[in-house]
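The next block is coords-v6.csv, given as CSV, C-alpha atoms.
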```csv
chain,number,residue,atom,x,y,z
A,1,MET,CA,25.1,0.2,20.1
A,2,LEU,CA,21.3,0.1,20.0
A,3,ILE,CA,19.8,-3.0,18.3
A,4,LEU,CA,16.3,-3.7,19.4
A,5,SER,CA,14.5,-7.0,19.6
A,6,ARG,CA,10.8,-7.2,18.8
A,7,ARG,CA,10.0,-7.2,22.5
A,8,ALA,CA,11.9,-3.9,22.8
A,9,PHE,CA,10.2,-2.7,19.7
A,10,LEU,CA,6.7,-3.4,21.1
A,11,GLY,CA,7.7,-1.6,24.3
A,12,GLY,CA,9.2,1.3,22.3
A,13,SER,CA,6.1,1.5,20.2
A,14,LEU,CA,3.9,1.8,23.2
A,15,ALA,CA,6.1,4.6,24.6
A,16,ALA,CA,6.1,6.3,21.2
A,17,ALA,CA,2.3,6.1,21.0
A,18,ALA,CA,2.1,7.7,24.4
A,19,TRP,CA,4.0,10.7,22.9
A,20,GLY,CA,1.8,10.7,19.8
A,21,GLN,CA,4.4,8.9,17.7
A,22,GLN,CA,3.8,5.6,15.9
A,23,PRO,CA,5.6,3.7,13.2
A,24,GLU,CA,4.0,4.4,9.8
A,25,VAL,CA,2.5,1.5,7.8
A,26,SER,CA,0.8,2.6,4.5
A,27,ALA,CA,0.1,0.6,1.4
A,28,PHE,CA,0.3,1.4,-2.3
A,29,ASP,CA,-3.2,1.5,-3.8
A,30,LEU,CA,-2.7,-1.1,-6.6
A,31,SER,CA,-5.7,0.4,-8.5
A,32,LEU,CA,-3.3,3.3,-9.3
A,33,LEU,CA,-0.7,1.0,-10.9
A,34,ASP,CA,-0.5,2.8,-14.3
A,35,ASP,CA,3.2,3.3,-14.7
A,36,TRP,CA,6.2,1.0,-14.2
A,37,LEU,CA,7.6,3.2,-11.4
A,38,THR,CA,5.6,3.9,-8.3
A,39,PRO,CA,5.4,7.6,-7.6
A,40,VAL,CA,7.3,8.5,-4.4
A,41,GLU,CA,4.2,9.8,-2.7
A,42,SER,CA,2.4,6.5,-3.4
A,43,PHE,CA,5.2,4.1,-2.5
A,44,PHE,CA,4.3,1.9,0.5
A,45,VAL,CA,5.8,2.6,3.9
A,46,ARG,CA,6.6,0.0,6.5
A,47,GLU,CA,8.4,1.3,9.6
A,48,HIS,CA,9.4,-0.8,12.6
A,49,PHE,CA,9.9,2.2,14.9
A,50,PRO,CA,8.8,5.9,14.6
A,51,ALA,CA,10.9,7.7,12.0
A,52,PRO,CA,14.0,9.4,13.4
A,53,LYS,CA,14.8,13.1,12.9
A,54,VAL,CA,17.5,13.2,10.3
A,55,SER,CA,19.7,15.7,8.5
A,56,ALA,CA,22.4,15.3,5.8
A,57,HIS,CA,24.5,17.8,7.7
A,58,GLY,CA,27.2,15.9,9.5
A,59,TRP,CA,25.7,12.5,8.5
A,60,THR,CA,28.4,9.8,8.2
A,61,LEU,CA,28.3,6.2,7.4
A,62,GLN,CA,30.6,4.1,9.6
A,63,LEU,CA,32.0,0.7,8.6
A,64,GLY,CA,33.5,-1.3,11.4
A,65,GLY,CA,33.6,-4.7,13.1
A,66,ALA,CA,35.9,-7.4,11.6
A,67,VAL,CA,37.8,-5.1,9.3
A,68,ALA,CA,41.4,-4.1,8.8
A,69,THR,CA,40.5,-0.4,8.3
A,70,PRO,CA,37.6,1.0,10.1
A,71,THR,CA,36.1,3.6,7.8
A,72,GLU,CA,33.8,6.6,8.1
A,73,ILE,CA,32.4,8.2,5.0
A,74,ALA,CA,30.6,11.6,5.0
A,75,TYR,CA,27.2,11.8,3.2
A,76,GLU,CA,28.6,14.6,0.9
A,77,GLU,CA,31.5,12.4,-0.1
A,78,LEU,CA,29.4,9.3,-0.7
A,79,VAL,CA,26.9,11.0,-3.1
A,80,ARG,CA,29.9,12.0,-5.3
A,81,GLU,CA,31.0,8.4,-5.7
A,82,PRO,CA,30.4,6.6,-9.0
A,83,ARG,CA,26.7,5.9,-9.2
A,84,LYS,CA,24.6,2.9,-10.1
A,85,VAL,CA,20.9,3.1,-10.9
A,86,LEU,CA,18.9,-0.1,-10.5
A,87,PRO,CA,15.2,-0.8,-10.8
A,88,VAL,CA,14.1,-2.8,-7.8
A,89,THR,CA,10.7,-3.9,-6.5
A,90,LEU,CA,10.4,-3.9,-2.7
A,91,GLU,CA,7.8,-6.0,-0.9
A,92,CYS,CA,7.1,-6.4,2.8
A,93,ALA,CA,7.6,-10.0,3.9
A,94,GLU,CA,4.2,-9.7,5.6
A,95,ASN,CA,2.4,-8.5,2.5
A,96,PRO,CA,-0.9,-10.5,2.1
A,97,VAL,CA,-2.0,-11.9,-1.2
A,98,GLY,CA,-3.2,-8.9,-3.3
A,99,GLY,CA,-1.9,-6.5,-0.7
A,100,GLY,CA,-0.3,-3.1,-1.4
A,101,LEU,CA,2.8,-3.5,0.8
A,102,VAL,CA,4.8,-3.6,-2.5
A,103,SER,CA,6.0,-0.9,-4.9
A,104,HIS,CA,8.7,-0.4,-7.5
A,105,ALA,CA,11.3,2.3,-7.9
A,106,GLU,CA,14.6,3.1,-9.5
A,107,TRP,CA,17.3,3.4,-6.8
A,108,THR,CA,20.5,5.4,-7.2
A,109,GLY,CA,23.5,4.7,-5.0
A,110,VAL,CA,26.9,3.2,-4.7
A,111,THR,CA,27.6,-0.5,-4.5
A,112,LEU,CA,28.0,-1.8,-1.0
A,113,ASP,CA,31.0,-3.9,-2.1
A,114,SER,CA,32.9,-0.7,-3.1
A,115,LEU,CA,32.5,0.6,0.4
A,116,LEU,CA,33.4,-2.8,2.0
A,117,GLN,CA,36.6,-2.8,0.0
A,118,ARG,CA,37.7,0.4,1.7
A,119,ALA,CA,37.3,-1.2,5.1
A,120,GLN,CA,39.1,-4.4,4.0
A,121,PRO,CA,37.0,-7.2,5.6
A,122,LEU,CA,38.9,-9.8,7.4
A,123,SER,CA,39.0,-13.3,5.9
A,124,GLU,CA,36.7,-14.7,8.6
A,125,VAL,CA,33.8,-12.3,8.0
A,126,ARG,CA,30.5,-14.2,7.3
A,127,ALA,CA,27.8,-11.5,7.6
A,128,VAL,CA,27.2,-7.8,7.3
A,129,ARG,CA,24.9,-5.9,9.7
A,130,PHE,CA,23.0,-2.7,8.8
A,131,VAL,CA,22.2,-0.4,11.8
A,132,ALA,CA,19.8,2.4,11.4
A,133,ALA,CA,19.3,5.7,13.2
A,134,ASP,CA,16.0,4.4,14.8
A,135,GLY,CA,17.8,1.4,16.3
A,136,TYR,CA,16.5,-1.1,13.8
A,137,ALA,CA,19.1,-3.6,12.5
A,138,ARG,CA,19.3,-6.5,10.1
A,139,SER,CA,22.2,-8.6,8.8
A,140,ILE,CA,22.7,-10.4,5.5
A,141,PRO,CA,25.3,-13.0,4.4
A,142,LEU,CA,28.6,-11.6,3.1
A,143,ALA,CA,28.0,-13.1,-0.3
A,144,LYS,CA,24.8,-11.1,-0.8
A,145,ALA,CA,26.4,-8.0,0.6
A,146,ARG,CA,29.2,-8.2,-1.9
A,147,HIS,CA,26.9,-8.8,-4.9
A,148,ALA,CA,27.4,-6.2,-7.5
A,149,ASP,CA,23.7,-5.1,-7.3
A,150,THR,CA,23.5,-4.6,-3.5
A,151,LEU,CA,23.4,-0.8,-3.0
A,152,ILE,CA,23.6,1.9,-0.5
A,153,ALA,CA,21.1,4.2,-2.0
A,154,HIS,CA,20.8,8.0,-1.8
A,155,GLY,CA,18.3,8.5,-4.6
A,156,MET,CA,14.9,7.3,-5.6
A,157,ASN,CA,13.2,7.8,-9.0
A,158,GLY,CA,15.8,10.3,-10.0
A,159,GLU,CA,15.4,12.5,-6.9
A,160,ARG,CA,17.1,12.7,-3.5
A,161,LEU,CA,15.9,9.9,-1.3
A,162,PRO,CA,12.8,11.1,0.7
A,163,GLU,CA,12.9,11.1,4.5
A,164,LYS,CA,10.2,8.5,4.9
A,165,HIS,CA,12.1,6.2,2.5
A,166,GLY,CA,15.4,6.4,4.4
A,167,PHE,CA,17.1,9.7,3.7
A,168,PRO,CA,20.0,10.2,3.9
A,169,LEU,CA,21.0,6.6,3.1
A,170,ARG,CA,19.3,3.2,3.0
A,171,ALA,CA,20.3,-0.3,2.0
A,172,ILE,CA,18.8,-1.9,-1.1
A,173,VAL,CA,19.1,-5.7,-1.1
A,174,PRO,CA,17.6,-6.5,-4.5
A,175,GLY,CA,15.4,-9.5,-4.8
A,176,TRP,CA,15.0,-9.9,-1.0
A,177,TYR,CA,12.1,-8.8,1.1
A,178,GLY,CA,12.0,-5.2,2.4
A,179,MET,CA,12.9,-5.8,6.0
A,180,ASP,CA,16.6,-6.1,4.9
A,181,ALA,CA,16.5,-2.7,3.0
A,182,VAL,CA,17.3,-0.8,6.2
A,183,LYS,CA,16.5,2.9,6.1
A,184,TRP,CA,18.3,5.8,7.8
A,185,LEU,CA,21.5,3.8,7.6
A,186,GLN,CA,24.3,4.9,10.0
A,187,ARG,CA,26.6,1.9,10.5
A,188,ILE,CA,27.7,-1.2,8.7
A,189,GLU,CA,29.2,-3.8,10.9
A,190,LEU,CA,31.1,-6.9,9.6
A,191,LEU,CA,30.5,-10.0,11.6
A,192,THR,CA,32.6,-13.2,11.9
A,193,ALA,CA,29.6,-15.4,12.7
A,194,GLU,CA,25.9,-15.4,12.0
A,195,GLU,CA,24.0,-12.6,13.5
A,196,ASP,CA,23.7,-12.9,17.3
A,197,ASN,CA,21.0,-10.3,17.7
A,198,PRO,CA,18.0,-12.2,19.3
A,199,SER,CA,15.5,-10.6,16.9
A,200,MET,CA,17.3,-12.2,13.9
A,201,ALA,CA,16.6,-15.6,15.3
A,202,ARG,CA,12.9,-14.7,16.1
A,203,ASP,CA,11.7,-12.2,13.5
A,204,TYR,CA,11.3,-12.9,9.8
A,205,VAL,CA,11.8,-16.6,10.3
A,206,ARG,CA,9.7,-19.3,8.7
A,207,ARG,CA,7.9,-21.5,11.2
A,208,THR,CA,6.3,-24.8,10.4
A,209,ARG,CA,3.8,-26.8,12.5
A,210,SER,CA,3.5,-30.5,12.9
A,211,LEU,CA,1.7,-32.9,15.2
A,212,MET,CA,4.9,-34.5,16.3
A,213,LEU,CA,7.2,-31.5,16.8
A,214,GLY,CA,4.8,-28.6,17.2
A,215,VAL,CA,5.9,-25.2,15.9
A,216,ARG,CA,9.6,-24.9,15.0
A,217,PRO,CA,11.8,-22.6,13.0
A,218,ALA,CA,12.5,-23.5,9.4
A,219,GLY,CA,15.0,-20.9,8.1
A,220,ARG,CA,15.2,-17.2,7.7
A,221,VAL,CA,13.0,-15.3,5.3
A,222,SER,CA,15.2,-13.7,2.6
A,223,ALA,CA,14.6,-14.0,-1.2
A,224,MET,CA,11.2,-13.0,-2.5
A,225,SER,CA,8.7,-15.5,-3.9
A,226,VAL,CA,7.3,-15.3,-7.4
A,227,LYS,CA,3.9,-13.5,-7.2
A,228,ALA,CA,1.3,-11.7,-9.3
A,229,ALA,CA,-1.4,-9.3,-8.3
A,230,PHE,CA,-4.4,-7.6,-9.8
A,231,SER,CA,-4.6,-3.8,-10.1
A,232,ARG,CA,-7.9,-3.7,-12.1
A,233,PRO,CA,-10.4,-4.9,-11.3
A,234,LEU,CA,-10.0,-5.3,-7.6
A,235,GLU,CA,-12.3,-7.3,-5.2
A,236,GLY,CA,-15.9,-6.1,-5.3
A,237,ALA,CA,-15.5,-4.0,-8.5
A,238,ILE,CA,-18.5,-3.4,-10.8
A,239,VAL,CA,-17.7,-4.1,-14.4
A,240,VAL,CA,-19.8,-2.6,-17.2
A,241,GLY,CA,-19.8,-4.1,-20.7
A,242,ARG,CA,-18.7,-7.3,-22.3
A,243,GLN,CA,-15.0,-6.6,-22.8
A,244,PHE,CA,-12.6,-5.6,-20.1
A,245,THR,CA,-8.8,-5.3,-19.9
A,246,VAL,CA,-7.6,-6.9,-16.8
A,247,ARG,CA,-4.4,-5.4,-15.4
A,248,GLY,CA,-1.8,-6.2,-12.8
A,249,ALA,CA,1.9,-6.7,-12.0
A,250,ALA,CA,4.1,-9.8,-11.4
A,251,TRP,CA,7.5,-10.1,-9.8
A,252,ALA,CA,10.0,-12.8,-8.9
A,253,GLY,CA,12.7,-11.5,-6.6
A,254,GLU,CA,16.1,-12.3,-7.9
A,255,ASN,CA,14.6,-14.0,-11.0
A,256,ARG,CA,12.7,-12.8,-14.0
A,257,VAL,CA,9.0,-13.3,-14.5
A,258,ARG,CA,8.4,-15.7,-17.4
A,259,SER,CA,4.6,-15.6,-17.5
A,260,ALA,CA,1.5,-14.4,-15.9
A,261,GLU,CA,-1.8,-16.2,-16.4
A,262,VAL,CA,-5.4,-15.6,-15.7
A,263,SER,CA,-8.1,-18.2,-15.0
A,264,LEU,CA,-11.9,-17.6,-15.2
A,265,ASP,CA,-12.8,-21.0,-13.7
A,266,GLY,CA,-10.9,-21.3,-10.5
A,267,GLY,CA,-7.7,-22.6,-11.9
A,268,THR,CA,-9.0,-25.4,-14.1
A,269,SER,CA,-7.9,-23.6,-17.3
A,270,TRP,CA,-5.6,-20.6,-17.8
A,271,GLY,CA,-5.1,-17.9,-20.4
A,272,SER,CA,-1.8,-16.1,-21.0
A,273,ALA,CA,-1.5,-12.5,-20.0
A,274,ARG,CA,0.6,-10.1,-22.1
A,275,LEU,CA,3.7,-8.8,-20.4
A,276,LEU,CA,4.1,-5.1,-21.2
A,277,SER,CA,7.9,-4.9,-21.0
A,278,GLU,CA,10.9,-7.1,-21.0
A,279,PRO,CA,11.1,-8.9,-17.6
A,280,LEU,CA,14.1,-8.0,-15.5
A,281,PRO,CA,15.5,-9.5,-12.3
A,282,TYR,CA,14.4,-7.7,-9.2
A,283,ALA,CA,11.7,-5.8,-11.0
A,284,TRP,CA,8.0,-6.2,-11.4
A,285,VAL,CA,6.5,-6.4,-14.9
A,286,GLN,CA,3.0,-5.1,-15.7
A,287,TRP,CA,0.6,-7.4,-17.6
A,288,THR,CA,-2.8,-7.2,-19.2
A,289,TYR,CA,-5.4,-9.8,-20.1
A,290,ASP,CA,-8.3,-9.2,-22.5
A,291,TRP,CA,-11.4,-10.6,-20.8
A,292,LYS,CA,-14.4,-11.3,-23.0
A,293,VAL,CA,-17.3,-11.4,-20.7
A,294,THR,CA,-19.9,-14.1,-21.6
A,295,GLN,CA,-22.7,-13.1,-19.3
A,296,PRO,CA,-23.6,-10.7,-16.4
A,297,GLY,CA,-23.4,-11.7,-12.8
A,298,ILE,CA,-20.6,-12.4,-10.3
A,299,HIS,CA,-17.4,-13.6,-11.8
A,300,ALA,CA,-14.2,-14.8,-10.1
A,301,LEU,CA,-10.8,-14.1,-11.7
A,302,THR,CA,-7.6,-15.7,-10.6
A,303,VAL,CA,-4.0,-14.8,-11.4
A,304,ARG,CA,-0.7,-16.6,-11.0
A,305,ALA,CA,2.9,-16.1,-12.2
A,306,THR,CA,5.8,-18.3,-13.1
A,307,ASP,CA,9.5,-17.2,-13.2
A,308,ASP,CA,12.4,-18.2,-15.4
A,309,SER,CA,13.5,-20.9,-13.1
A,310,GLY,CA,10.2,-22.7,-13.3
A,311,ARG,CA,8.9,-21.5,-9.9
A,312,SER,CA,5.1,-21.0,-10.0
A,313,GLN,CA,2.7,-19.7,-7.3
A,314,PRO,CA,0.9,-22.4,-5.3
A,315,ALA,CA,-2.8,-22.6,-5.3
A,316,GLN,CA,-2.9,-22.3,-1.6
A,317,ARG,CA,-0.5,-21.5,1.2
A,318,ALA,CA,1.2,-24.5,2.7
A,319,ARG,CA,-0.8,-25.8,5.6
A,320,GLU,CA,2.2,-26.4,7.8
A,321,ARG,CA,3.2,-22.7,7.7
A,322,ALA,CA,2.8,-21.1,11.2
A,323,ASP,CA,4.1,-17.6,10.5
A,324,GLU,CA,2.8,-14.5,8.7
A,325,TYR,CA,5.5,-14.3,6.0
A,326,GLU,CA,5.8,-15.1,2.2
A,327,HIS,CA,2.1,-15.1,1.3
A,328,ASP,CA,2.5,-16.1,-2.3
A,329,SER,CA,-0.6,-18.2,-3.3
A,330,TRP,CA,-2.9,-17.3,-6.2
A,331,GLN,CA,-5.0,-14.2,-5.9
A,332,THR,CA,-8.7,-14.4,-6.7
A,333,VAL,CA,-11.0,-11.4,-7.1
A,334,ARG,CA,-14.8,-11.5,-7.3
A,335,VAL,CA,-16.5,-8.8,-9.4
A,336,MET,CA,-20.0,-8.0,-10.5
A,337,VAL,CA,-20.6,-7.6,-14.3
A,338,THR,CA,-23.7,-5.6,-15.2
```
Let me see the file written as structure tokens.
Amino acid sequence: MLILSRRAFLGGSLAAAAWGQQPEVSAFDLSLLDDWLTPVESFFVREHFPAPKVSAHGWTLQLGGAVATPTEIAYEELVREPRKVLPVTLECAENPVGGGLVSHAEWTGVTLDSLLQRAQPLSEVRAVRFVAADGYARSIPLAKARHADTLIAHGMNGERLPEKHGFPLRAIVPGWYGMDAVKWLQRIELLTAEEDNPSMARDYVRRTRSLMLGVRPAGRVSAMSVKAAFSRPLEGAIVVGRQFTVRGAAWAGENRVRSAEVSLDGGTSWGSARLLSEPLPYAWVQWTYDWKVTQPGIHALTVRATDDSGRSQPAQRARERADEYEHDSWQTVRVMVT
């Protein structure tokens, strides 16, 4: 079984680079956010290793570990199973404020729980590990794995799952950051204890800094924060005229977005943006704000979102954070009005 740590990943990346292969990282251009669904060709890509060569022919999904009935399911059989379609926004845990490592799609697949039932997990199971064809692996708690909305997807936006997005199969863990949505899925392993892979204890872990204790772990990164982003205007844009429709999207992971607000004075006062659709859990919602420009010159616009549990974006990232995950503070863009 090949499960690579970040150190192995770095070494593998160097070797891959020597052969002309590198993991792909490409962002969604938020200025193109016109529709609810992100076109497949524009959807962001964040690979940990170079993409493997894959084919649906002979592809099987194996379920093993702490189960009563180890199970192997052929791809052709799995795509004939009863389907569930779920709109889910995926965001990379390392996505910066206003960054494009976020996109939204409708995913088609089967519920993970229906597959786990075939394998009959033992009573002591605590976690489920996804193992990909490229050697990448992540585990999630059993409760999240058995949630009715956690999917093994084979379709995206009504089409067959594209290769760069995980064909033949990938996990969709709705409301959680994208590192757990493992692509090119080959094996599902049921574990009786928390993940023992060293990378799970080191990667995608919150770290806090203090004078007394230094830097220390503070829990794994999992559920997405509430967050809003501008799509138009973006930083450095030139705006012509005295009226402009500001646009963007907001998302809240497992929760629904309750509101998006725009400030023209650095957060002293806020105006409500209009949500363009009914907010759903797991999914972003587009918003607009009618900006009446009072005078030419440089203007700063700030956006924040609040979800239905009352979570609101912080003005600034917590000072004690010593990692590169969960950047969820307000976004501000500066534009020139002529």
Problem set entry | Point (-2.0, -7.1, -15.4) neighbourhood (10 Å, all atoms listed in the file) written as a ChimeraX atom specification | /A:33,228-233,245-250,260-262,273-276,285-290,303
Save out the residues we just selected, C-alpha atoms, as a CSV table (one decimal), keeping the file's coordinate frame.
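Saved result, out.csv, follows:
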```csv
chain,number,residue,atom,x,y,z
A,33,LEU,CA,-0.7,1.0,-10.9
A,228,ALA,CA,1.3,-11.7,-9.3
A,229,ALA,CA,-1.4,-9.3,-8.3
A,230,PHE,CA,-4.4,-7.6,-9.8
A,231,SER,CA,-4.6,-3.8,-10.1
A,232,ARG,CA,-7.9,-3.7,-12.1
A,233,PRO,CA,-10.4,-4.9,-11.3
A,245,THR,CA,-8.8,-5.3,-19.9
A,246,VAL,CA,-7.6,-6.9,-16.8
A,247,ARG,CA,-4.4,-5.4,-15.4
A,248,GLY,CA,-1.8,-6.2,-12.8
A,249,ALA,CA,1.9,-6.7,-12.0
A,250,ALA,CA,4.1,-9.8,-11.4
A,260,ALA,CA,1.5,-14.4,-15.9
A,261,GLU,CA,-1.8,-16.2,-16.4
A,262,VAL,CA,-5.4,-15.6,-15.7
A,273,ALA,CA,-1.5,-12.5,-20.0
A,274,ARG,CA,0.6,-10.1,-22.1
A,275,LEU,CA,3.7,-8.8,-20.4
A,276,LEU,CA,4.1,-5.1,-21.2
A,285,VAL,CA,6.5,-6.4,-14.9
A,286,GLN,CA,3.0,-5.1,-15.7
A,287,TRP,CA,0.6,-7.4,-17.6
A,288,THR,CA,-2.8,-7.2,-19.2
A,289,TYR,CA,-5.4,-9.8,-20.1
A,290,ASP,CA,-8.3,-9.2,-22.5
A,303,VAL,CA,-4.0,-14.8,-11.4
```
For this session: Could you give me, as a VMD selection string, the residues that have an atom at most 12 Å away from the point (3.6, -5.1, -8.5) in the coordinates of the file, using only C-alpha atoms?
Result: chain A and resid 27 to 38 43 to 44 88 to 92 95 97 to 105 226 to 231 247 to 253 257 282 to 287 305
Restricting it to C-alpha atoms, dump the selection as a PDB file, in the coordinates of the input.
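The file below, result-v3.pdb, is the result:
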```
ATOM      1  CA  ALA A  27       0.100   0.600   1.400  1.00  0.00           C
ATOM      2  CA  PHE A  28       0.300   1.400  -2.300  1.00  0.00           C
ATOM      3  CA  ASP A  29      -3.200   1.500  -3.800  1.00  0.00           C
ATOM      4  CA  LEU A  30      -2.700  -1.100  -6.600  1.00  0.00           C
ATOM      5  CA  SER A  31      -5.700   0.400  -8.500  1.00  0.00           C
ATOM      6  CA  LEU A  32      -3.300   3.300  -9.300  1.00  0.00           C
ATOM      7  CA  LEU A  33      -0.700   1.000 -10.900  1.00  0.00           C
ATOM      8  CA  ASP A  34      -0.500   2.800 -14.300  1.00  0.00           C
ATOM      9  CA  ASP A  35       3.200   3.300 -14.700  1.00  0.00           C
ATOM     10  CA  TRP A  36       6.200   1.000 -14.200  1.00  0.00           C
ATOM     11  CA  LEU A  37       7.600   3.200 -11.400  1.00  0.00           C
ATOM     12  CA  THR A  38       5.600   3.900  -8.300  1.00  0.00           C
ATOM     13  CA  PHE A  43       5.200   4.100  -2.500  1.00  0.00           C
ATOM     14  CA  PHE A  44       4.300   1.900   0.500  1.00  0.00           C
ATOM     15  CA  VAL A  88      14.100  -2.800  -7.800  1.00  0.00           C
ATOM     16  CA  THR A  89      10.700  -3.900  -6.500  1.00  0.00           C
ATOM     17  CA  LEU A  90      10.400  -3.900  -2.700  1.00  0.00           C
ATOM     18  CA  GLU A  91       7.800  -6.000  -0.900  1.00  0.00           C
ATOM     19  CA  CYS A  92       7.100  -6.400   2.800  1.00  0.00           C
ATOM     20  CA  ASN A  95       2.400  -8.500   2.500  1.00  0.00           C
ATOM     21  CA  VAL A  97      -2.000 -11.900  -1.200  1.00  0.00           C
ATOM     22  CA  GLY A  98      -3.200  -8.900  -3.300  1.00  0.00           C
ATOM     23  CA  GLY A  99      -1.900  -6.500  -0.700  1.00  0.00           C
ATOM     24  CA  GLY A 100      -0.300  -3.100  -1.400  1.00  0.00           C
ATOM     25  CA  LEU A 101       2.800  -3.500   0.800  1.00  0.00           C
ATOM     26  CA  VAL A 102       4.800  -3.600  -2.500  1.00  0.00           C
ATOM     27  CA  SER A 103       6.000  -0.900  -4.900  1.00  0.00           C
ATOM     28  CA  HIS A 104       8.700  -0.400  -7.500  1.00  0.00           C
ATOM     29  CA  ALA A 105      11.300   2.300  -7.900  1.00  0.00           C
ATOM     30  CA  VAL A 226       7.300 -15.300  -7.400  1.00  0.00           C
ATOM     31  CA  LYS A 227       3.900 -13.500  -7.200  1.00  0.00           C
ATOM     32  CA  ALA A 228       1.300 -11.700  -9.300  1.00  0.00           C
ATOM     33  CA  ALA A 229      -1.400  -9.300  -8.300  1.00  0.00           C
ATOM     34  CA  PHE A 230      -4.400  -7.600  -9.800  1.00  0.00           C
ATOM     35  CA  SER A 231      -4.600  -3.800 -10.100  1.00  0.00           C
ATOM     36  CA  ARG A 247      -4.400  -5.400 -15.400  1.00  0.00           C
ATOM     37  CA  GLY A 248      -1.800  -6.200 -12.800  1.00  0.00           C
ATOM     38  CA  ALA A 249       1.900  -6.700 -12.000  1.00  0.00           C
ATOM     39  CA  ALA A 250       4.100  -9.800 -11.400  1.00  0.00           C
ATOM     40  CA  TRP A 251       7.500 -10.100  -9.800  1.00  0.00           C
ATOM     41  CA  ALA A 252      10.000 -12.800  -8.900  1.00  0.00           C
ATOM     42  CA  GLY A 253      12.700 -11.500  -6.600  1.00  0.00           C
ATOM     43  CA  VAL A 257       9.000 -13.300 -14.500  1.00  0.00           C
ATOM     44  CA  TYR A 282      14.400  -7.700  -9.200  1.00  0.00           C
ATOM     45  CA  ALA A 283      11.700  -5.800 -11.000  1.00  0.00           C
ATOM     46  CA  TRP A 284       8.000  -6.200 -11.400  1.00  0.00           C
ATOM     47  CA  VAL A 285       6.500  -6.400 -14.900  1.00  0.00           C
ATOM     48  CA  GLN A 286       3.000  -5.100 -15.700  1.00  0.00           C
ATOM     49  CA  TRP A 287       0.600  -7.400 -17.600  1.00  0.00           C
ATOM     50  CA  ALA A 305       2.900 -16.100 -12.200  1.00  0.00           C
TER      51      ALA A 305
END
```
For this session: Extract, using only C-alpha atoms, all DNA, RNA and protein residues at most 8 Å from Gly266 of chain A, discarding same-chain residues fewer than 3 positions from it, and format them as number ranges by chain.
Result: A: 263, 269, 300-302
For this session: Between A:Met212, A:Val131, A:Thr69, A:Ala93, single out the one closest to Arg118 of chain A, counting all atoms listed in the file.
Result: A:Thr69
All residues 12 Å or closer to Glu76 of chain A, all atoms listed in the file, same chain fewer than 2 positions away omitted, as a compact mmCIF listing (two decimals) with C-alpha atoms, in the frame of the given file:
```txt
# COMPACT_ATOMS: atom_id res chain seq x y z
CA SER A 55 19.70 15.70 8.50
CA ALA A 56 22.40 15.30 5.80
CA HIS A 57 24.50 17.80 7.70
CA GLY A 58 27.20 15.90 9.50
CA TRP A 59 25.70 12.50 8.50
CA THR A 60 28.40 9.80 8.20
CA LEU A 61 28.30 6.20 7.40
CA GLU A 72 33.80 6.60 8.10
CA ILE A 73 32.40 8.20 5.00
CA ALA A 74 30.60 11.60 5.00
CA LEU A 78 29.40 9.30 -0.70
CA VAL A 79 26.90 11.00 -3.10
CA ARG A 80 29.90 12.00 -5.30
CA GLU A 81 31.00 8.40 -5.70
CA HIS A 154 20.80 8.00 -1.80
CA PRO A 168 20.00 10.20 3.90
CA LEU A 169 21.00 6.60 3.10
```
Exercise. Nearest to Trp176 of chain A among A:Arg242, A:Val221, A:Arg319, A:Arg304, with distances taken over all atoms listed in the file: which residue is it?
Worked result: A:Val221
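The spacing separating atom CA of Thr111 of chain A from atom CA of Val125 of chain A amounts to 18.3 Å.
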